[in-house]
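query-v6.cif follows; it contains mmCIF, C-alpha atoms.
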```cif
data_entry
loop_
_atom_site.group_PDB
_atom_site.id
_atom_site.type_symbol
_atom_site.label_atom_id
_atom_site.label_comp_id
_atom_site.auth_asym_id
_atom_site.auth_seq_id
_atom_site.Cartn_x
_atom_site.Cartn_y
_atom_site.Cartn_z
ATOM 1 C CA MET A 1 0.000 0.000 0.000
ATOM 2 C CA GLU A 2 1.460 3.335 -1.069
ATOM 3 C CA ILE A 3 0.911 6.083 1.493
ATOM 4 C CA THR A 4 0.813 9.656 0.226
ATOM 5 C CA THR A 5 0.888 12.881 2.224
ATOM 6 C CA GLU A 6 -0.452 16.368 1.632
ATOM 7 C CA ASP A 7 0.759 19.294 3.741
ATOM 8 C CA PHE A 8 -1.893 21.873 4.548
ATOM 9 C CA SER A 9 -1.236 24.702 6.979
ATOM 10 C CA ASP A 10 -0.048 23.046 10.217
ATOM 11 C CA HIS A 11 -1.720 19.762 9.322
ATOM 12 C CA ARG A 12 -0.649 16.791 7.264
ATOM 13 C CA ILE A 13 -3.226 14.677 5.428
ATOM 14 C CA TYR A 14 -2.316 11.010 4.911
ATOM 15 C CA GLY A 15 -3.925 8.916 2.195
ATOM 16 C CA SER A 16 -3.859 5.692 0.215
ATOM 17 C CA MET A 17 -5.903 4.015 -2.502
ATOM 18 C CA LEU A 18 -7.399 0.667 -1.498
ATOM 19 C CA PRO A 19 -8.240 -2.211 -3.886
ATOM 20 C CA ILE A 20 -11.781 -2.660 -2.555
ATOM 21 C CA ASP A 21 -14.576 -3.603 -4.956
ATOM 22 C CA ASN A 22 -16.923 -0.800 -3.961
ATOM 23 C CA ASP A 23 -19.878 -2.245 -5.905
ATOM 24 C CA ILE A 24 -19.806 -5.357 -3.708
ATOM 25 C CA PHE A 25 -19.036 -3.238 -0.652
ATOM 26 C CA MET A 26 -22.015 -0.948 -1.344
ATOM 27 C CA THR A 27 -24.358 -3.942 -1.549
ATOM 28 C CA LYS A 28 -23.247 -5.017 1.935
ATOM 29 C CA LEU A 29 -23.415 -1.444 3.261
ATOM 30 C CA LYS A 30 -26.948 -1.061 1.894
ATOM 31 C CA GLU A 31 -28.040 -4.063 3.967
ATOM 32 C CA LEU A 32 -26.309 -2.630 7.027
ATOM 33 C CA TYR A 33 -27.881 0.776 6.323
ATOM 34 C CA GLU A 34 -31.372 -0.779 6.328
ATOM 35 C CA GLN A 35 -30.629 -2.633 9.562
ATOM 36 C CA LEU A 36 -29.539 0.601 11.238
ATOM 37 C CA LYS A 37 -32.613 2.412 9.961
ATOM 38 C CA LYS A 38 -34.922 -0.251 11.383
ATOM 39 C CA PHE A 39 -33.043 -0.078 14.678
ATOM 40 C CA HIS A 40 -33.419 3.698 14.936
ATOM 41 C CA ILE A 41 -37.070 3.628 13.897
ATOM 42 C CA ALA A 42 -37.752 0.983 16.562
ATOM 43 C CA ASN A 43 -36.016 3.135 19.174
ATOM 44 C CA GLY A 44 -37.938 6.263 18.183
ATOM 45 C CA LYS A 45 -34.881 8.189 17.001
ATOM 46 C CA TYR A 46 -35.754 8.298 13.312
ATOM 47 C CA LYS A 47 -39.241 9.161 12.086
ATOM 48 C CA PRO A 48 -39.583 9.080 8.288
ATOM 49 C CA LYS A 49 -41.462 11.959 6.661
ATOM 50 C CA ASP A 50 -43.153 12.306 3.315
ATOM 51 C CA ILE A 51 -40.660 12.902 0.505
ATOM 52 C CA ASN A 52 -42.642 16.004 -0.494
ATOM 53 C CA ASP A 53 -42.049 17.602 2.889
ATOM 54 C CA ASN A 54 -39.973 20.736 2.291
ATOM 55 C CA ASN A 55 -38.256 20.784 5.669
ATOM 56 C CA ILE A 56 -34.529 21.515 5.709
ATOM 57 C CA TYR A 57 -32.466 18.355 5.382
ATOM 58 C CA GLY A 58 -31.341 17.252 8.810
ATOM 59 C CA PRO A 59 -32.063 14.822 11.666
ATOM 60 C CA GLY A 60 -35.654 13.619 11.471
ATOM 61 C CA ASP A 61 -36.210 14.515 7.821
ATOM 62 C CA PHE A 62 -37.185 11.937 5.228
ATOM 63 C CA VAL A 63 -33.574 11.028 4.374
ATOM 64 C CA TYR A 64 -32.072 8.649 6.898
ATOM 65 C CA ASP A 65 -28.389 9.291 7.612
ATOM 66 C CA PRO A 66 -26.742 7.001 10.217
ATOM 67 C CA SER A 67 -24.234 9.749 11.067
ATOM 68 C CA HIS A 68 -27.018 11.639 12.858
ATOM 69 C CA TYR A 69 -27.149 8.799 15.390
ATOM 70 C CA LEU A 70 -23.492 7.797 15.487
ATOM 71 C CA ASP A 71 -23.291 7.853 19.285
ATOM 72 C CA ASP A 72 -25.037 4.484 19.672
ATOM 73 C CA HIS A 73 -23.274 2.256 17.149
ATOM 74 C CA ASN A 74 -19.874 1.502 15.660
ATOM 75 C CA ILE A 75 -19.682 0.269 12.076
ATOM 76 C CA PHE A 76 -16.454 -1.609 12.748
ATOM 77 C CA ILE A 77 -18.194 -4.252 14.826
ATOM 78 C CA SER A 78 -20.164 -5.317 11.728
ATOM 79 C CA PRO A 79 -19.052 -8.681 10.239
ATOM 80 C CA ILE A 80 -18.182 -7.321 6.773
ATOM 81 C CA SER A 81 -14.868 -8.412 5.254
ATOM 82 C CA GLU A 82 -14.266 -5.063 3.551
ATOM 83 C CA LEU A 83 -14.507 -3.315 6.923
ATOM 84 C CA HIS A 84 -11.854 -5.661 8.317
ATOM 85 C CA PHE A 85 -9.581 -4.793 5.392
ATOM 86 C CA LEU A 86 -10.352 -1.097 5.826
ATOM 87 C CA LEU A 87 -9.496 -1.292 9.515
ATOM 88 C CA SER A 88 -6.128 -2.904 8.826
ATOM 89 C CA ASN A 89 -5.243 -0.115 6.391
ATOM 90 C CA ILE A 90 -6.341 2.598 8.810
ATOM 91 C CA LYS A 91 -3.838 1.076 11.235
ATOM 92 C CA LYS A 92 -1.099 1.388 8.586
ATOM 93 C CA LEU A 93 -1.861 5.098 8.122
ATOM 94 C CA LEU A 94 -1.941 5.535 11.893
ATOM 95 C CA VAL A 95 1.504 3.953 12.273
ATOM 96 C CA VAL A 96 3.003 6.423 9.779
ATOM 97 C CA ALA A 97 1.160 9.392 11.288
ATOM 98 C CA CYS A 98 2.336 8.522 14.795
ATOM 99 C CA GLU A 99 5.938 8.140 13.645
ATOM 100 C CA GLU A 100 5.906 11.540 11.926
ATOM 101 C CA ASN A 101 4.210 13.238 14.884
ATOM 102 C CA ASN A 102 6.449 11.628 17.533
ATOM 103 C CA ILE A 103 3.538 9.762 19.133
ATOM 104 C CA ASP A 104 4.148 6.495 20.980
ATOM 105 C CA LEU A 105 1.595 4.217 19.312
ATOM 106 C CA GLU A 106 1.990 1.343 21.778
ATOM 107 C CA LYS A 107 1.713 3.636 24.785
ATOM 108 C CA GLU A 108 -1.402 5.426 23.523
ATOM 109 C CA LYS A 109 -3.318 2.186 22.722
ATOM 110 C CA TYR A 110 -5.684 3.614 20.106
ATOM 111 C CA TYR A 111 -9.413 2.959 19.899
ATOM 112 C CA ILE A 112 -11.639 3.603 16.874
ATOM 113 C CA HIS A 113 -15.240 4.641 16.287
ATOM 114 C CA GLY A 114 -16.736 4.550 12.784
ATOM 115 C CA TRP A 115 -20.015 5.353 11.030
ATOM 116 C CA ILE A 116 -21.633 5.735 7.593
ATOM 117 C CA ASN A 117 -22.141 9.203 6.111
ATOM 118 C CA TYR A 118 -25.138 8.956 3.776
ATOM 119 C CA SER A 119 -26.108 12.104 1.879
ATOM 120 C CA PRO A 120 -28.958 12.286 -0.654
ATOM 121 C CA GLY A 121 -28.572 13.245 -4.293
ATOM 122 C CA LYS A 122 -28.238 16.905 -5.301
ATOM 123 C CA LEU A 123 -26.622 17.870 -1.991
ATOM 124 C CA HIS A 124 -25.639 21.528 -1.465
ATOM 125 C CA GLN A 125 -25.579 22.098 -5.218
ATOM 126 C CA GLU A 126 -26.266 25.828 -4.945
ATOM 127 C CA ARG A 127 -23.462 26.694 -2.518
ATOM 128 C CA GLU A 128 -19.738 27.017 -3.075
ATOM 129 C CA TYR A 129 -18.954 26.253 0.569
ATOM 130 C CA GLU A 130 -21.400 24.614 2.937
ATOM 131 C CA GLU A 131 -20.965 27.039 5.835
ATOM 132 C CA LEU A 132 -23.571 25.269 7.958
ATOM 133 C CA PHE A 133 -21.577 22.065 7.924
ATOM 134 C CA TRP A 134 -18.067 23.255 8.747
ATOM 135 C CA HIS A 135 -16.813 21.217 11.688
ATOM 136 C CA ASP A 136 -13.790 19.559 13.217
ATOM 137 C CA HIS A 137 -13.528 16.540 15.502
ATOM 138 C CA GLY A 138 -12.139 18.149 18.617
ATOM 139 C CA GLN A 139 -8.863 19.772 19.598
ATOM 140 C CA LYS A 140 -7.355 17.137 21.897
ATOM 141 C CA PRO A 141 -3.744 16.106 21.256
ATOM 142 C CA ASN A 142 -2.883 12.804 19.593
ATOM 143 C CA GLU A 143 -6.370 12.225 18.176
ATOM 144 C CA PHE A 144 -7.067 11.518 14.506
ATOM 145 C CA HIS A 145 -10.020 11.597 12.149
ATOM 146 C CA GLY A 146 -10.462 10.208 8.665
ATOM 147 C CA TYR A 147 -12.778 8.797 6.043
ATOM 148 C CA TYR A 148 -12.992 6.250 3.246
ATOM 149 C CA VAL A 149 -14.651 7.181 -0.050
ATOM 150 C CA VAL A 150 -17.259 4.605 -1.068
ATOM 151 C CA ASN A 151 -19.212 6.730 -3.551
ATOM 152 C CA ALA A 152 -18.298 10.420 -3.645
ATOM 153 C CA GLU A 153 -16.594 10.815 -7.015
ATOM 154 C CA PRO A 154 -16.368 13.380 -8.449
ATOM 155 C CA SER A 155 -16.657 15.735 -5.489
ATOM 156 C CA VAL A 156 -14.449 17.686 -3.108
ATOM 157 C CA THR A 157 -14.041 17.949 0.634
ATOM 158 C CA HIS A 158 -13.338 21.486 1.838
ATOM 159 C CA TYR A 159 -10.648 22.109 4.477
ATOM 160 C CA ARG A 160 -9.688 25.313 6.257
ATOM 161 C CA ALA A 161 -7.077 26.239 8.857
ATOM 162 C CA ASN A 162 -5.431 29.502 9.891
ATOM 163 C CA GLY A 163 -7.373 31.437 7.281
ATOM 164 C CA GLU A 164 -6.360 29.076 4.469
ATOM 165 C CA LYS A 165 -8.720 26.896 2.450
ATOM 166 C CA LEU A 166 -8.005 23.697 0.567
ATOM 167 C CA ASP A 167 -10.316 21.728 -1.701
ATOM 168 C CA ARG A 168 -9.179 18.143 -2.115
ATOM 169 C CA GLU A 169 -10.767 15.855 -4.679
ATOM 170 C CA ASN A 170 -12.425 12.662 -3.541
ATOM 171 C CA ASN A 171 -11.709 9.438 -5.398
ATOM 172 C CA ASN A 172 -13.676 6.270 -4.777
ATOM 173 C CA GLY A 173 -11.409 3.864 -2.916
ATOM 174 C CA LYS A 174 -9.373 6.608 -1.222
ATOM 175 C CA LEU A 175 -8.644 6.347 2.507
ATOM 176 C CA ILE A 176 -7.785 9.576 4.355
ATOM 177 C CA LEU A 177 -6.412 10.290 7.844
ATOM 178 C CA ALA A 178 -5.444 13.574 9.561
ATOM 179 C CA LYS A 179 -5.026 14.901 13.092
ATOM 180 C CA THR A 180 -8.202 16.326 14.583
ATOM 181 C CA GLY A 181 -8.693 20.074 14.779
ATOM 182 C CA LEU A 182 -8.690 20.525 11.003
ATOM 183 C CA GLU A 183 -12.031 22.025 9.960
ATOM 184 C CA HIS A 184 -13.731 20.423 6.972
ATOM 185 C CA ALA A 185 -17.060 20.414 5.147
ATOM 186 C CA VAL A 186 -18.882 18.372 2.523
ATOM 187 C CA GLY A 187 -18.737 19.824 -0.977
ATOM 188 C CA ARG A 188 -21.563 20.006 -3.485
ATOM 189 C CA TRP A 189 -22.946 16.743 -4.841
ATOM 190 C CA ASN A 190 -24.843 17.194 -8.101
ATOM 191 C CA PHE A 191 -25.889 13.624 -8.762
ATOM 192 C CA ASP A 192 -29.133 11.740 -8.209
ATOM 193 C CA ILE A 193 -27.486 8.849 -6.353
ATOM 194 C CA PRO A 194 -26.421 9.066 -2.678
ATOM 195 C CA ARG A 195 -22.987 10.223 -1.594
ATOM 196 C CA ILE A 196 -21.532 7.585 0.767
ATOM 197 C CA THR A 197 -18.386 7.654 2.877
ATOM 198 C CA ILE A 198 -17.258 5.845 6.004
ATOM 199 C CA ALA A 199 -15.861 8.195 8.640
ATOM 200 C CA TYR A 200 -13.958 7.392 11.805
ATOM 201 C CA ASN A 201 -12.280 8.855 14.869
ATOM 202 C CA LEU A 202 -9.137 7.480 16.520
ATOM 203 C CA MET A 203 -8.650 8.191 20.208
ATOM 204 C CA PRO A 204 -6.011 7.108 22.750
ATOM 205 C CA LEU A 205 -7.269 4.777 25.479
ATOM 206 C CA LYS A 206 -6.826 7.422 28.195
ATOM 207 C CA HIS A 207 -9.171 9.761 26.289
ATOM 208 C CA VAL A 208 -11.759 6.989 25.903
ATOM 209 C CA ILE A 209 -11.628 6.299 29.649
ATOM 210 C CA TYR A 210 -11.991 10.000 30.466
ATOM 211 C CA ALA A 211 -14.926 10.365 28.061
ATOM 212 C CA LYS A 212 -16.753 7.462 29.687
ATOM 213 C CA GLU A 213 -16.116 8.927 33.141
ATOM 214 C CA THR A 214 -17.773 12.165 32.020
ATOM 215 C CA GLY A 215 -20.815 10.373 30.596
ATOM 216 C CA ASP A 216 -19.871 9.947 26.926
ATOM 217 C CA VAL A 217 -20.731 6.385 25.943
ATOM 218 C CA ILE A 218 -19.855 6.369 22.222
ATOM 219 C CA PRO A 219 -18.836 2.757 21.450
ATOM 220 C CA PHE A 220 -15.104 2.756 20.684
ATOM 221 C CA VAL A 221 -13.271 -0.523 20.000
ATOM 222 C CA PRO A 222 -9.508 -1.164 20.051
ATOM 223 C CA ILE A 223 -7.609 -0.943 16.788
ATOM 224 C CA VAL A 224 -5.037 -3.742 16.862
#
```
Entire entry expressed as C-alpha cells:
Amino acid sequence: MEITTEDFSDHRIYGSMLPIDNDIFMTKLKELYEQLKKFHIANGKYKPKDINDNNIYGPGDFVYDPSHYLDDHNIFISPISELHFLLSNIKKLLVVACEENNIDLEKEKYYIHGWINYSPGKLHQEREYEELFWHDHGQKPNEFHGYYVVNAEPSVTHYRANGEKLDRENNNGKLILAKTGLEHAVGRWNFDIPRITIAYNLMPLKHVIYAKETGDVIPFVPIV
C-alpha cells in the first residue's frame, strides 16, 4: 500500500488508494444501512417523513443518515470483510502518522469509532462552501479523524485552517487520515445517487476512559 501525504497549513493529510470492490461493498453497506434504519425507527430516534415535505435536510427529515445517530453504534463491529480490510489499512496510516508526529503508538493504545455518512442526491448544489456544515472533531492532542470514499466521485471535501482553504478531490477507494482540529465540510454533490463515505475517529485509550467517566458512551473498539 502506497501512502501519500499532503501538507496543509499546520496539518498533514495522509492517504492511500485501497483495492476494494466498492460495488460489492455498497451492496453489503446497503443491507447494514437498512438494519440501522430499522433499529433507529424501533427506538424512536428516526421518524420518516413524506418525501414532499420541504423541511430543511437534517435529523428527522425523510432522508435517513446514520451519522445523525453515530453515538449508539460503531460500524467496525459489523461482520463485513471489507470493513476488516479497511481497519487494517487505517492502522497502517496511523503507524506512519504517529511516527511523523512523535507519538508512541503502543503507549497510547488507540481505539476507533466509525459510522456511515449517507447524503442524498443533489446535496448543497447551490453553494460554493457549505458554511452550515463546517466542523472539526475536537482539539485534543494525539487524536485523529479520517474517512474512506465509497461513492463520492467526483466531489471535493473542503478544508480550512489559519485562514487558508483547501479543496481536495475525492476518489472512490481513497482512505484519508489527519489529526483532529482541522475544519472540513462536505462539498456540493450534483448527482441523483447518494454520496456515501465511512468516517472514523481514533482516540487514545486514556481519552476513551476520560470520556466514559464524564458520561460519553460512544462505542469505541480497540484498533489492533
Exercise. Nearest to A:Thr4 among A:Ile223, A:Ile112, A:Leu177, A:Ile218, with distances taken over only C-alpha atoms: which residue is it?
Worked result: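 Once distances to A:Thr4 are computed over only C-alpha atoms, the minimum belongs to A:Leu177.
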Problem set entry | For A:Phe76, the nearest of the candidates A:Val96, A:Val149, A:Ile90, A:Ala211, counting all atoms listed in the file | A:Ile90
Exercise. Around (-8.8, 7.5, 4.2) in the file's frame, which residues reach within 8 Å when counting all atoms listed in the file? Return as a PyMOL selection string?
Worked result: chain A and resi 14-16+90+146-149+174-177
Problem set entry | Among the residues A:Glu2, A:Asp104, A:Glu143, A:Asp136, the one that comes closest to A:Arg160 [using only C-alpha atoms] | A:Asp136
Exercise. From the list A:Asp65, A:Glu31, A:Glu100, A:Glu108, which residue is nearest A:Ser78 when using all atoms listed in the file?
Worked result: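 Closest residue, counting all atoms listed in the file: A:Glu31.
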Problem set entry | Hits of the PyMOL selection byres ((chain A and resi 66) around 7) in this structure, as a list in words | Tyr64, Asp65, Ser67, His68, Tyr69, Leu70, Trp115, Ile116, Asn117 and Tyr118 of chain A
Take the residues from that selection and put them in a file with C-alpha atoms, as a CSV table (one decimal), keeping the file's coordinate frame.
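The file below, result_28.csv, is the result:
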```csv
chain,number,residue,atom,x,y,z
A,64,TYR,CA,-32.1,8.6,6.9
A,65,ASP,CA,-28.4,9.3,7.6
A,67,SER,CA,-24.2,9.7,11.1
A,68,HIS,CA,-27.0,11.6,12.9
A,69,TYR,CA,-27.1,8.8,15.4
A,70,LEU,CA,-23.5,7.8,15.5
A,115,TRP,CA,-20.0,5.4,11.0
A,116,ILE,CA,-21.6,5.7,7.6
A,117,ASN,CA,-22.1,9.2,6.1
A,118,TYR,CA,-25.1,9.0,3.8
```
For this session: Would you write out, as a list in words, every residue that the PyMOL selection byres ((chain A and resi 111) around 7) captures in this file?
Result: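 Checked against the file, the PyMOL selection byres ((chain A and resi 111) around 7) matches Lys109, Tyr110, Ile112, Leu202, Met203, Pro204, Leu205, Phe220, Val221, Pro222 and Ile223 of chain A.
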Exercise. Quick one: residues within 6 Å of A:Ala178, all atoms listed in the file counted, chain neighbours fewer than 4 positions away excluded, as a list in words?
Worked result: Ile13, Phe144 and His145 of chain A
